[in-house]
file run_9.pdb (PDB, C-alpha atoms, pLDDT in the B column)
ATOM      1  CA  GLN E   1     223.853 297.596 101.770  1.00 87.00           C
ATOM      2  CA  VAL E   2     224.009 294.335  99.830  1.00 95.00           C
ATOM      3  CA  GLN E   3     221.779 293.544  96.891  1.00 96.00           C
ATOM      4  CA  LEU E   4     221.205 290.294  95.052  1.00 97.00           C
ATOM      5  CA  VAL E   5     219.878 290.161  91.513  1.00 95.00           C
ATOM      6  CA  GLU E   6     218.714 286.859  90.074  1.00 95.00           C
ATOM      7  CA  THR E   7     218.252 286.097  86.396  1.00 96.00           C
ATOM      8  CA  GLY E   8     217.570 283.067  84.262  1.00 96.00           C
ATOM      9  CA  GLY E   9     214.143 281.864  85.289  1.00 95.00           C
ATOM     10  CA  GLY E  10     211.414 281.078  82.801  1.00 97.00           C
ATOM     11  CA  LEU E  11     209.164 278.479  81.269  1.00 98.00           C
ATOM     12  CA  VAL E  12     210.613 275.212  80.030  1.00 98.00           C
ATOM     13  CA  GLN E  13     209.270 271.815  79.063  1.00 98.00           C
ATOM     14  CA  ALA E  14     209.952 268.762  81.189  1.00 98.00           C
ATOM     15  CA  GLY E  15     213.396 267.393  80.430  1.00 98.00           C
ATOM     16  CA  GLY E  16     214.735 270.809  79.540  1.00 98.00           C
ATOM     17  CA  SER E  17     217.398 272.962  81.161  1.00 98.00           C
ATOM     18  CA  LEU E  18     217.723 276.388  82.713  1.00 98.00           C
ATOM     19  CA  ARG E  19     220.617 278.255  84.261  1.00 98.00           C
ATOM     20  CA  LEU E  20     220.023 280.659  87.104  1.00 98.00           C
ATOM     21  CA  SER E  21     222.491 283.386  88.005  1.00 98.00           C
ATOM     22  CA  CYS E  22     222.685 285.596  91.081  1.00 98.00           C
ATOM     23  CA  VAL E  23     224.999 288.585  91.355  1.00 97.00           C
ATOM     24  CA  ALA E  24     225.725 290.137  94.735  1.00 96.00           C
ATOM     25  CA  SER E  25     226.712 293.790  94.910  1.00 94.00           C
ATOM     26  CA  GLY E  26     227.537 296.239  97.668  1.00 92.00           C
ATOM     27  CA  VAL E  27     230.042 296.203 100.487  1.00 85.00           C
ATOM     28  CA  ILE E  28     231.202 292.595 100.434  1.00 88.00           C
ATOM     29  CA  PHE E  29     234.538 291.433 101.751  1.00 87.00           C
ATOM     30  CA  SER E  30     233.898 287.717 101.569  1.00 89.00           C
ATOM     31  CA  ILE E  31     230.997 285.322 101.218  1.00 91.00           C
ATOM     32  CA  ASP E  32     230.922 282.229 103.398  1.00 94.00           C
ATOM     33  CA  ALA E  33     228.100 280.455 101.615  1.00 96.00           C
ATOM     34  CA  MET E  34     225.961 280.992  98.547  1.00 97.00           C
ATOM     35  CA  GLY E  35     222.812 279.045  97.979  1.00 97.00           C
ATOM     36  CA  TRP E  36     219.559 278.590  96.149  1.00 98.00           C
ATOM     37  CA  TYR E  37     216.215 277.996  97.802  1.00 98.00           C
ATOM     38  CA  ARG E  38     212.815 277.442  96.242  1.00 98.00           C
ATOM     39  CA  GLN E  39     209.225 277.826  97.278  1.00 98.00           C
ATOM     40  CA  ALA E  40     206.338 276.193  95.489  1.00 97.00           C
ATOM     41  CA  PRO E  41     202.740 277.353  96.003  1.00 92.00           C
ATOM     42  CA  GLY E  42     201.412 276.172  99.348  1.00 95.00           C
ATOM     43  CA  LYS E  43     204.781 274.792 100.427  1.00 96.00           C
ATOM     44  CA  GLN E  44     207.573 275.961 102.680  1.00 97.00           C
ATOM     45  CA  ARG E  45     210.761 277.393 101.286  1.00 97.00           C
ATOM     46  CA  GLU E  46     213.385 274.685 100.971  1.00 98.00           C
ATOM     47  CA  LEU E  47     217.104 274.581 100.350  1.00 98.00           C
ATOM     48  CA  VAL E  48     217.974 273.376  96.861  1.00 98.00           C
ATOM     49  CA  ALA E  49     221.753 273.676  96.862  1.00 98.00           C
ATOM     50  CA  VAL E  50     224.524 275.490  98.698  1.00 98.00           C
ATOM     51  CA  ILE E  51     228.195 276.057  97.987  1.00 98.00           C
ATOM     52  CA  PHE E  52     230.658 277.114 100.660  1.00 96.00           C
ATOM     53  CA  SER E  53     233.789 279.216 100.381  1.00 94.00           C
ATOM     54  CA  SER E  54     235.786 275.973 100.478  1.00 94.00           C
ATOM     55  CA  GLY E  55     234.005 274.833  97.338  1.00 94.00           C
ATOM     56  CA  SER E  56     232.115 272.046  99.050  1.00 97.00           C
ATOM     57  CA  THR E  57     228.472 271.643  98.081  1.00 98.00           C
ATOM     58  CA  ASN E  58     225.248 270.202  99.413  1.00 98.00           C
ATOM     59  CA  TYR E  59     222.127 269.368  97.438  1.00 98.00           C
ATOM     60  CA  GLU E  60     218.540 268.587  98.245  1.00 98.00           C
ATOM     61  CA  ILE E  61     218.138 264.912  97.528  1.00 98.00           C
ATOM     62  CA  SER E  62     215.569 265.303  94.726  1.00 97.00           C
ATOM     63  CA  VAL E  63     217.917 267.462  92.627  1.00 98.00           C
ATOM     64  CA  LYS E  64     221.136 265.489  93.086  1.00 98.00           C
ATOM     65  CA  GLY E  65     222.568 264.489  89.743  1.00 97.00           C
ATOM     66  CA  ARG E  66     220.362 266.991  87.885  1.00 98.00           C
ATOM     67  CA  PHE E  67     221.359 270.377  89.327  1.00 98.00           C
ATOM     68  CA  THR E  68     224.843 271.817  89.704  1.00 98.00           C
ATOM     69  CA  ILE E  69     225.731 274.817  91.832  1.00 98.00           C
ATOM     70  CA  SER E  70     228.867 276.829  91.184  1.00 98.00           C
ATOM     71  CA  ARG E  71     230.281 280.215  92.126  1.00 96.00           C
ATOM     72  CA  ASP E  72     232.619 282.832  90.746  1.00 95.00           C
ATOM     73  CA  ASN E  73     234.178 284.560  93.739  1.00 93.00           C
ATOM     74  CA  ALA E  74     235.734 287.317  91.646  1.00 94.00           C
ATOM     75  CA  LYS E  75     232.285 288.287  90.403  1.00 95.00           C
ATOM     76  CA  ASN E  76     230.354 287.538  93.643  1.00 95.00           C
ATOM     77  CA  THR E  77     228.114 285.364  91.508  1.00 97.00           C
ATOM     78  CA  VAL E  78     226.469 282.021  92.098  1.00 98.00           C
ATOM     79  CA  TYR E  79     224.949 279.839  89.401  1.00 98.00           C
ATOM     80  CA  LEU E  80     222.500 276.976  89.371  1.00 98.00           C
ATOM     81  CA  GLN E  81     222.540 274.771  86.297  1.00 98.00           C
ATOM     82  CA  MET E  82     219.301 272.816  86.203  1.00 98.00           C
ATOM     83  CA  ASN E  83     219.039 269.862  83.833  1.00 98.00           C
ATOM     84  CA  SER E  84     216.377 267.205  83.331  1.00 98.00           C
ATOM     85  CA  LEU E  85     213.794 269.522  84.819  1.00 98.00           C
ATOM     86  CA  LYS E  86     210.560 268.050  86.132  1.00 98.00           C
ATOM     87  CA  PRO E  87     207.159 269.674  86.738  1.00 97.00           C
ATOM     88  CA  GLU E  88     207.761 269.288  90.469  1.00 97.00           C
ATOM     89  CA  ASP E  89     210.723 271.660  90.151  1.00 98.00           C
ATOM     90  CA  THR E  90     208.259 274.465  89.450  1.00 98.00           C
ATOM     91  CA  ALA E  91     208.725 277.149  92.099  1.00 98.00           C
ATOM     92  CA  VAL E  92     210.074 280.581  92.804  1.00 98.00           C
ATOM     93  CA  TYR E  93     213.826 280.239  93.224  1.00 98.00           C
ATOM     94  CA  TYR E  94     215.630 282.533  95.656  1.00 98.00           C
ATOM     95  CA  CYS E  95     219.302 283.285  95.935  1.00 98.00           C
ATOM     96  CA  ASN E  96     220.802 283.514  99.420  1.00 97.00           C
ATOM     97  CA  ILE E  97     224.259 284.528 100.621  1.00 97.00           C
ATOM     98  CA  GLU E  98     225.791 284.336 104.064  1.00 96.00           C
ATOM     99  CA  LEU E  99     228.539 286.834 104.803  1.00 94.00           C
ATOM    100  CA  GLY E 100     229.063 285.571 108.321  1.00 89.00           C
ATOM    101  CA  PRO E 101     227.174 284.040 111.236  1.00 91.00           C
ATOM    102  CA  GLY E 102     223.639 285.430 111.092  1.00 91.00           C
ATOM    103  CA  VAL E 103     224.405 287.859 108.279  1.00 94.00           C
ATOM    104  CA  THR E 104     222.329 286.741 105.309  1.00 96.00           C
ATOM    105  CA  TYR E 105     220.748 288.376 102.300  1.00 97.00           C
ATOM    106  CA  TRP E 106     218.040 287.242  99.907  1.00 97.00           C
ATOM    107  CA  GLY E 107     217.272 287.942  96.302  1.00 96.00           C
ATOM    108  CA  GLN E 108     213.846 288.905  95.055  1.00 96.00           C
ATOM    109  CA  GLY E 109     213.172 285.500  93.511  1.00 96.00           C
ATOM    110  CA  THR E 110     212.811 284.240  89.964  1.00 97.00           C
ATOM    111  CA  GLN E 111     210.011 282.039  88.691  1.00 98.00           C
ATOM    112  CA  VAL E 112     210.819 278.645  87.196  1.00 98.00           C
ATOM    113  CA  THR E 113     207.926 276.839  85.542  1.00 98.00           C
ATOM    114  CA  VAL E 114     208.284 273.353  84.094  1.00 98.00           C
ATOM    115  CA  SER E 115     205.459 272.153  81.895  1.00 97.00           C
ATOM    116  CA  SER E 116     204.634 268.476  81.450  1.00 94.00           C
TER
END
call {"tool": "encode", "arguments": {"input": "run_9.pdb", "output": "structure tokens"}}
result
Amino acid sequence: QVQLVETGGGLVQAGGSLRLSCVASGVIFSIDAMGWYRQAPGKQRELVAVIFSSGSTNYEISVKGRFTISRDNAKNTVYLQMNSLKPEDTAVYYCNIELGPGVTYWGQGTQVTVSS
């Protein structure tokens, strides 16, 4: 059983910053990829950023240069530093990890609200 716990969401004014954290616990030998997704009301869930075991990263184009994903392998933790937040970043943010092909887990989600 693997569990993900996200923290760090909240309400912030446009231009502000938030840092999301996600800790994975349970029987985990290695994590191939760790990522953050978001889902705004009435929209599909979308990938925000992902970091692979190699350290390489990918970002959704609208967050490039504003968000930074990082991971601490010793702590099975992934972070998302979000700067220069915009109202359109408002969404529920979900943590996702991939332990292997087709083996993925999701967090419960954390609300991020950016006021204009």
call {"tool": "closest_residue", "arguments": {"input": "run_9.pdb", "among": "E:Gln3, E:Ser115, E:Ser21, E:Ser53", "to": "Asp89 (chain E)", "atoms": "all atoms listed in the file"}}
result
E:Ser115
call {"tool": "atom_distance", "arguments": {"input": "run_9.pdb", "atom1": "CA of Ser56 (chain E)", "atom2": "CA of Gln1 (chain E)"}}
result
27.0 Å
call {"tool": "resolve_selection", "arguments": {"input": "run_9.pdb", "expression": "the PyMOL selection byres ((chain E and resi 104) around 10)", "output": "list of chain:residue names"}}
result
E:Val2, E:Ile31, E:Asp32, E:Ala33, E:Met34, E:Asn96, E:Ile97, E:Glu98, E:Leu99, E:Gly100, E:Pro101, E:Gly102, E:Val103, E:Tyr105, E:Trp106
call {"tool": "residues_around", "arguments": {"input": "run_9.pdb", "residues": "Leu20 (chain E)", "least_positions_apart": "6", "cutoff": "10 Å", "atoms": "all atoms listed in the file", "output": "MDAnalysis selection string"}}
result
chainID E and resid 6:10 36 69 78:82 93:95 110 112
call {"tool": "atom_distance", "arguments": {"input": "run_9.pdb", "atom1": "CA of Gly42 (chain E)", "atom2": "CA of Thr77 (chain E)"}}
result
29.3 Å
call {"tool": "atom_distance", "arguments": {"input": "run_9.pdb", "atom1": "CA of Lys86 (chain E)", "atom2": "CA of Gly16 (chain E)"}}
result
8.3 Å
call {"tool": "resolve_selection", "arguments": {"input": "run_9.pdb", "expression": "the PyMOL selection byres ((chain E and resi 57-67) around 9)", "output": "JSON list (two decimals) with C-alpha atoms, keeping the file's coordinate frame"}}
result
[["chain", "number", "residue", "atom", "x", "y", "z"],
["E", 46, "GLU", "CA", 213.38, 274.68, 100.97],
["E", 47, "LEU", "CA", 217.10, 274.58, 100.35],
["E", 48, "VAL", "CA", 217.97, 273.38, 96.86],
["E", 49, "ALA", "CA", 221.75, 273.68, 96.86],
["E", 50, "VAL", "CA", 224.52, 275.49, 98.70],
["E", 51, "ILE", "CA", 228.20, 276.06, 97.99],
["E", 52, "PHE", "CA", 230.66, 277.11, 100.66],
["E", 54, "SER", "CA", 235.79, 275.97, 100.48],
["E", 55, "GLY", "CA", 234.00, 274.83, 97.34],
["E", 56, "SER", "CA", 232.12, 272.05, 99.05],
["E", 68, "THR", "CA", 224.84, 271.82, 89.70],
["E", 69, "ILE", "CA", 225.73, 274.82, 91.83],
["E", 70, "SER", "CA", 228.87, 276.83, 91.18],
["E", 80, "LEU", "CA", 222.50, 276.98, 89.37],
["E", 81, "GLN", "CA", 222.54, 274.77, 86.30],
["E", 82, "MET", "CA", 219.30, 272.82, 86.20],
["E", 83, "ASN", "CA", 219.04, 269.86, 83.83],
["E", 84, "SER", "CA", 216.38, 267.20, 83.33],
["E", 85, "LEU", "CA", 213.79, 269.52, 84.82],
["E", 89, "ASP", "CA", 210.72, 271.66, 90.15]]
call {"tool": "closest_residue", "arguments": {"input": "run_9.pdb", "among": "E:Arg19, E:Val92, E:Gln111, E:Phe29", "to": "Arg45 (chain E)", "atoms": "all atoms listed in the file"}}
result
E:Val92
call {"tool": "axis_aligned_box", "arguments": {"input": "run_9.pdb", "around": "region 98-107 of chain E", "padding_each_side": "5 Å", "output": "lines of an AutoDock Vina configuration file"}}
result
center_x = 223.2
center_y = 286.2
center_z = 103.8
size_x = 21.8
size_y = 14.3
size_z = 24.9
call {"tool": "resolve_selection", "arguments": {"input": "run_9.pdb", "expression": "the PyMOL selection byres ((chain E and resi 90) around 7)", "output": "MDAnalysis selection string"}}
result
chainID E and resid 40 87:89 91 112:114
